[in-house]
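Okay, so here's the structure we're looking at.
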Amino acid sequence: MWDETEPVCLGCHSAFKSGSVVYRCEICNWRICSPSCHGLAPAGTHRQLECIPLRDKAVYKHLQTSTAAQVKLMYEAILTLRCMLLKTVDRPQYDRLLGMDPLNDVRQQIPKLWNRNQKEIVERIRNQWGFAEYSELELHTICGIIEVNAFEVGQEPTKARALFPEAYLLMHDCTPNTGHTDAPQTHHLTVRVLRDVKAGEPLTLTYAHILQGTLKRRQHLREEKFFSCNCRRCTDPSELGTNCSALRCTRCPRGHILPTDPLNPEAAWHCRQCSTVMSCEAVILLLEQLSQQLETIGGNDVDGLETFLRVQGAVLHDNHYLLLSVKHSLCELYGKIEGFLIPQLSREQLKRKETLCRDLLEVVDQLEPGLSRLRGTIMYEMHVPLLIEAGQLFQGGVIQRAELRRRLKEVQRILKESERILALEPEGTPEHGIAEAARDALKNMGDV
């Protein structure tokens, strides 16, 4: 339900590298990345909000007497304190904040969550740090506003949660018509439509991963955002024909086992071709076992991932979300790691990379069509095997110049689409870097 917060610079939110020099803010004495951190400017969030109050309450003394594990927990309270300080520093912003729903009534029904917030955030801010002027209810409300409405921003190793006064109004949908991205330095959020939106159609975003199955997505949304999704994808057992959750039937050769009622997490699953039935408990147990097995495979273990695909492909539909996750990893690993760099790939491995990309695109084009980041990166990965294969076939006399030209034009089309999508990402992001690489590849290809 929550991730443990690692200590970060309160100016720019970057994580500290192991063994790096320890710098501290000259005012509040909390750790920073460097004295020249851009986030320590007078107009920055740290200086405007918590820096002086942390100094005045001498909170740094608790840092000095706390264990490393206790210090990590202290960072969880910083964002809540920042929001609370807006009450006196910037009342209009604080009032806008209170316009966001904290879902206190729902969250109070989750004792594990509410009690943890009480101990690690509310009591820490009020009792340990001395901000007793803020009531318990006020602090719990801010906790809820953050948990319900915050966006994750940044790229590893600089990741944080942030609140945006307009973006939170967008509805959730598991096949969204908008995407969002934030600028690396400022974390300003940009929301853009991914496809044409009809008049009167609501703008939607997703708080769940596109390539997750319905059980997992709905569980995540219930536990992290406190609502149950009933969107078009969630209500369809086949997930809009993608079969991202389907299991292969053990009794008939062509059947697939799907939930009888995907909105009921306890409903039975059945084969649409025969009478085979599985309990939801059995499905969940199977998926947990397979997930654990997948986690034991190294992230760069191409052979291990391929074996998982081959073996579990007899159990899961080709588009099952666990297999899609493996395919996504493999389509990036082929060509990126030692032993599988582009010059080292055989024709069969190049073809394999192309096939993996096409499998992924077929699903992504159904669930997140248009200007999707995921679609843009997969298309870039796919252009490489297509380009090399075209050259090899021509040099080997297998295809003639006209066919070579047709294939190269297809590669250019894919590169142009990838560049068009990823060029929309902010400068400094990996995706923007891929857009530049696509642009260079097009330039190198010249006219065909």
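By order of appearance in the structure tokens: chains A, B, ..., then residues from 1 within every chain, and ligands from 1 in the order shown.
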Per DSSP on the backbone, filter stretch 125-324 of chain A down to the residues in helix (DSSP H, G or I) and report them as a PDB file with C-alpha atoms, in the first residue's frame.
ATOM      1  CA  ILE A 125       4.533  16.118  12.914  1.00  0.00           C
ATOM      2  CA  ARG A 126       2.468  17.079  15.969  1.00  0.00           C
ATOM      3  CA  ASN A 127       4.311  15.450  18.852  1.00  0.00           C
ATOM      4  CA  GLN A 128       7.886  14.718  17.801  1.00  0.00           C
ATOM      5  CA  GLU A 136      -4.984  15.315  13.743  1.00  0.00           C
ATOM      6  CA  LEU A 137      -7.946  15.607  11.382  1.00  0.00           C
ATOM      7  CA  GLU A 138      -6.199  18.282   9.300  1.00  0.00           C
ATOM      8  CA  LEU A 139      -3.122  16.092   8.934  1.00  0.00           C
ATOM      9  CA  HIS A 140      -5.115  12.951   8.123  1.00  0.00           C
ATOM     10  CA  THR A 141      -6.993  14.969   5.506  1.00  0.00           C
ATOM     11  CA  ILE A 142      -3.733  16.048   3.872  1.00  0.00           C
ATOM     12  CA  CYS A 143      -2.523  12.425   3.958  1.00  0.00           C
ATOM     13  CA  GLY A 144      -5.695  11.432   2.132  1.00  0.00           C
ATOM     14  CA  ILE A 145      -5.430  14.210  -0.437  1.00  0.00           C
ATOM     15  CA  ILE A 146      -1.908  13.030  -1.254  1.00  0.00           C
ATOM     16  CA  GLU A 147      -2.771   9.320  -1.349  1.00  0.00           C
ATOM     17  CA  VAL A 148      -5.868   9.789  -3.498  1.00  0.00           C
ATOM     18  CA  ASN A 149      -4.751  12.554  -5.868  1.00  0.00           C
ATOM     19  CA  ALA A 167      -4.874  17.205 -13.556  1.00  0.00           C
ATOM     20  CA  TYR A 168      -6.480  15.470 -10.569  1.00  0.00           C
ATOM     21  CA  LEU A 169      -9.909  16.308 -12.041  1.00  0.00           C
ATOM     22  CA  THR A 214      -7.990  -6.749 -14.656  1.00  0.00           C
ATOM     23  CA  LEU A 215      -7.550  -8.525 -11.312  1.00  0.00           C
ATOM     24  CA  LYS A 216      -4.232  -6.777 -10.708  1.00  0.00           C
ATOM     25  CA  ARG A 217      -5.369  -3.363 -11.974  1.00  0.00           C
ATOM     26  CA  ARG A 218      -8.538  -3.329  -9.890  1.00  0.00           C
ATOM     27  CA  GLN A 219      -6.664  -4.531  -6.798  1.00  0.00           C
ATOM     28  CA  HIS A 220      -4.089  -1.761  -7.263  1.00  0.00           C
ATOM     29  CA  LEU A 221      -6.804   0.885  -7.682  1.00  0.00           C
ATOM     30  CA  ARG A 222      -8.710  -0.318  -4.609  1.00  0.00           C
ATOM     31  CA  GLU A 223      -5.595  -0.371  -2.426  1.00  0.00           C
ATOM     32  CA  GLU A 224      -3.842   2.740  -3.730  1.00  0.00           C
ATOM     33  CA  ARG A 232     -15.340  -0.701 -20.387  1.00  0.00           C
ATOM     34  CA  ARG A 233     -12.157  -2.761 -20.208  1.00  0.00           C
ATOM     35  CA  CYS A 234     -12.740  -3.918 -16.637  1.00  0.00           C
ATOM     36  CA  THR A 235     -16.295  -5.070 -17.361  1.00  0.00           C
ATOM     37  CA  CYS A 280     -10.887 -17.424  -8.414  1.00  0.00           C
ATOM     38  CA  GLU A 281      -8.712 -18.613  -5.520  1.00  0.00           C
ATOM     39  CA  ALA A 282      -7.053 -21.171  -7.813  1.00  0.00           C
ATOM     40  CA  VAL A 283      -6.432 -18.520 -10.477  1.00  0.00           C
ATOM     41  CA  ILE A 284      -4.913 -16.101  -7.961  1.00  0.00           C
ATOM     42  CA  LEU A 285      -2.689 -18.839  -6.507  1.00  0.00           C
ATOM     43  CA  LEU A 286      -1.463 -19.806  -9.980  1.00  0.00           C
ATOM     44  CA  LEU A 287      -0.685 -16.194 -10.898  1.00  0.00           C
ATOM     45  CA  GLU A 288       1.129 -15.618  -7.603  1.00  0.00           C
ATOM     46  CA  GLN A 289       3.268 -18.708  -8.200  1.00  0.00           C
ATOM     47  CA  LEU A 290       4.111 -17.627 -11.740  1.00  0.00           C
ATOM     48  CA  SER A 291       4.859 -14.059 -10.604  1.00  0.00           C
ATOM     49  CA  GLN A 292       7.227 -15.358  -7.931  1.00  0.00           C
ATOM     50  CA  GLN A 293       8.905 -17.592 -10.488  1.00  0.00           C
ATOM     51  CA  LEU A 294       9.347 -14.633 -12.828  1.00  0.00           C
ATOM     52  CA  GLU A 295      10.867 -12.529 -10.051  1.00  0.00           C
ATOM     53  CA  VAL A 302      17.569 -13.423 -21.900  1.00  0.00           C
ATOM     54  CA  ASP A 303      17.659 -17.221 -21.893  1.00  0.00           C
ATOM     55  CA  GLY A 304      15.760 -17.398 -18.599  1.00  0.00           C
ATOM     56  CA  LEU A 305      13.073 -15.031 -19.850  1.00  0.00           C
ATOM     57  CA  GLU A 306      12.738 -16.929 -23.127  1.00  0.00           C
ATOM     58  CA  THR A 307      12.370 -20.188 -21.181  1.00  0.00           C
ATOM     59  CA  PHE A 308       9.634 -18.625 -19.048  1.00  0.00           C
ATOM     60  CA  LEU A 309       7.798 -17.566 -22.204  1.00  0.00           C
ATOM     61  CA  ARG A 310       8.092 -21.008 -23.745  1.00  0.00           C
ATOM     62  CA  VAL A 311       7.059 -22.980 -20.655  1.00  0.00           C
ATOM     63  CA  GLN A 312       4.317 -20.707 -19.350  1.00  0.00           C
ATOM     64  CA  TYR A 321      -0.010  -9.683 -18.888  1.00  0.00           C
ATOM     65  CA  LEU A 322       2.792 -11.776 -17.357  1.00  0.00           C
ATOM     66  CA  LEU A 323       3.967 -12.830 -20.806  1.00  0.00           C
ATOM     67  CA  LEU A 324       3.591  -9.272 -22.126  1.00  0.00           C
TER      68      LEU A 324
END
- Test item: residues at most 12 Å from stretch 170-177 of chain A, only C-alpha atoms, excluding those fewer than 5 positions along its chain, as an MDAnalysis selection string: chainID A and resid 100 148:149 164:165 191:198 201:214 216:218 220:221 225 227:236 239:240 363:372
- Using DSSP on the backbone coordinates, identify all residues within stretch 199-389 of chain A classified as strand (DSSP E or B); present the result as a PyMOL selection string. chain A and resi 204-205+247-248+256-259+269-271+277-278+316+335+341
What does the file look like for those residues with N, CA and C atoms, as a PDB file, in the first residue's frame?
ATOM      1  N   THR A 204      -9.746  11.270 -19.969  1.00  0.00           N
ATOM      2  CA  THR A 204      -9.414  10.254 -18.970  1.00  0.00           C
ATOM      3  C   THR A 204      -7.913   9.998 -18.947  1.00  0.00           C
ATOM      4  N   LEU A 205      -7.448   9.570 -17.781  1.00  0.00           N
ATOM      5  CA  LEU A 205      -6.073   9.102 -17.629  1.00  0.00           C
ATOM      6  C   LEU A 205      -6.122   7.786 -16.870  1.00  0.00           C
ATOM      7  N   LEU A 247      -6.273 -17.549 -19.357  1.00  0.00           N
ATOM      8  CA  LEU A 247      -5.471 -18.757 -19.170  1.00  0.00           C
ATOM      9  C   LEU A 247      -5.843 -19.754 -20.262  1.00  0.00           C
ATOM     10  N   ARG A 248      -4.915 -20.620 -20.612  1.00  0.00           N
ATOM     11  CA  ARG A 248      -5.239 -21.677 -21.567  1.00  0.00           C
ATOM     12  C   ARG A 248      -6.027 -22.774 -20.851  1.00  0.00           C
ATOM     13  N   HIS A 256     -10.059 -20.849 -23.794  1.00  0.00           N
ATOM     14  CA  HIS A 256      -9.373 -19.981 -22.842  1.00  0.00           C
ATOM     15  C   HIS A 256     -10.278 -19.734 -21.645  1.00  0.00           C
ATOM     16  N   ILE A 257      -9.673 -19.718 -20.480  1.00  0.00           N
ATOM     17  CA  ILE A 257     -10.414 -19.541 -19.235  1.00  0.00           C
ATOM     18  C   ILE A 257     -10.416 -18.065 -18.864  1.00  0.00           C
ATOM     19  N   LEU A 258     -11.622 -17.526 -18.686  1.00  0.00           N
ATOM     20  CA  LEU A 258     -11.818 -16.103 -18.394  1.00  0.00           C
ATOM     21  C   LEU A 258     -12.778 -15.948 -17.226  1.00  0.00           C
ATOM     22  N   PRO A 259     -12.763 -14.806 -16.551  1.00  0.00           N
ATOM     23  CA  PRO A 259     -13.678 -14.615 -15.419  1.00  0.00           C
ATOM     24  C   PRO A 259     -15.134 -14.545 -15.874  1.00  0.00           C
ATOM     25  N   TRP A 269     -13.984 -18.609 -12.707  1.00  0.00           N
ATOM     26  CA  TRP A 269     -13.499 -18.467 -14.071  1.00  0.00           C
ATOM     27  C   TRP A 269     -13.926 -19.704 -14.855  1.00  0.00           C
ATOM     28  N   HIS A 270     -14.211 -19.534 -16.138  1.00  0.00           N
ATOM     29  CA  HIS A 270     -14.641 -20.690 -16.929  1.00  0.00           C
ATOM     30  C   HIS A 270     -14.132 -20.601 -18.356  1.00  0.00           C
ATOM     31  N   CYS A 271     -14.080 -21.770 -19.002  1.00  0.00           N
ATOM     32  CA  CYS A 271     -13.684 -21.851 -20.405  1.00  0.00           C
ATOM     33  C   CYS A 271     -14.897 -21.580 -21.273  1.00  0.00           C
ATOM     34  N   VAL A 277     -14.199 -25.210 -15.217  1.00  0.00           N
ATOM     35  CA  VAL A 277     -14.361 -24.092 -14.284  1.00  0.00           C
ATOM     36  C   VAL A 277     -13.178 -24.075 -13.323  1.00  0.00           C
ATOM     37  N   MET A 278     -12.678 -22.888 -13.024  1.00  0.00           N
ATOM     38  CA  MET A 278     -11.640 -22.700 -12.003  1.00  0.00           C
ATOM     39  C   MET A 278     -12.144 -21.689 -10.988  1.00  0.00           C
ATOM     40  N   LEU A 316      -0.631 -19.893 -20.151  1.00  0.00           N
ATOM     41  CA  LEU A 316      -1.226 -18.565 -20.295  1.00  0.00           C
ATOM     42  C   LEU A 316      -1.455 -18.227 -21.764  1.00  0.00           C
ATOM     43  N   GLY A 335      19.767  -6.512 -28.377  1.00  0.00           N
ATOM     44  CA  GLY A 335      20.394  -5.331 -28.961  1.00  0.00           C
ATOM     45  C   GLY A 335      20.981  -4.380 -27.934  1.00  0.00           C
ATOM     46  N   LEU A 341      24.215  -7.736 -28.267  1.00  0.00           N
ATOM     47  CA  LEU A 341      24.289  -6.454 -28.956  1.00  0.00           C
ATOM     48  C   LEU A 341      23.930  -6.655 -30.429  1.00  0.00           C
TER      49      LEU A 341
END
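With only C-alpha atoms as the atoms that count, the residue of A:Ile78, A:Thr355, A:Gly11, A:Phe151 with the shortest distance to A:Val59 is A:Ile78.
When atom CA of A:Ala43 is paired with atom CA of A:Glu425, their separation reads 26.0 Å.
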- Query: Between A:Cys249, A:Cys25, A:Ala437, A:Leu113, which is the closest to A:Tyr60 once you count only C-alpha atoms?
  - Reply: A:Cys25
- Separating atom CA of A:Lys443 from atom CA of A:Gln400, to the nearest tenth of an Å, is a gap of 23.4 Å
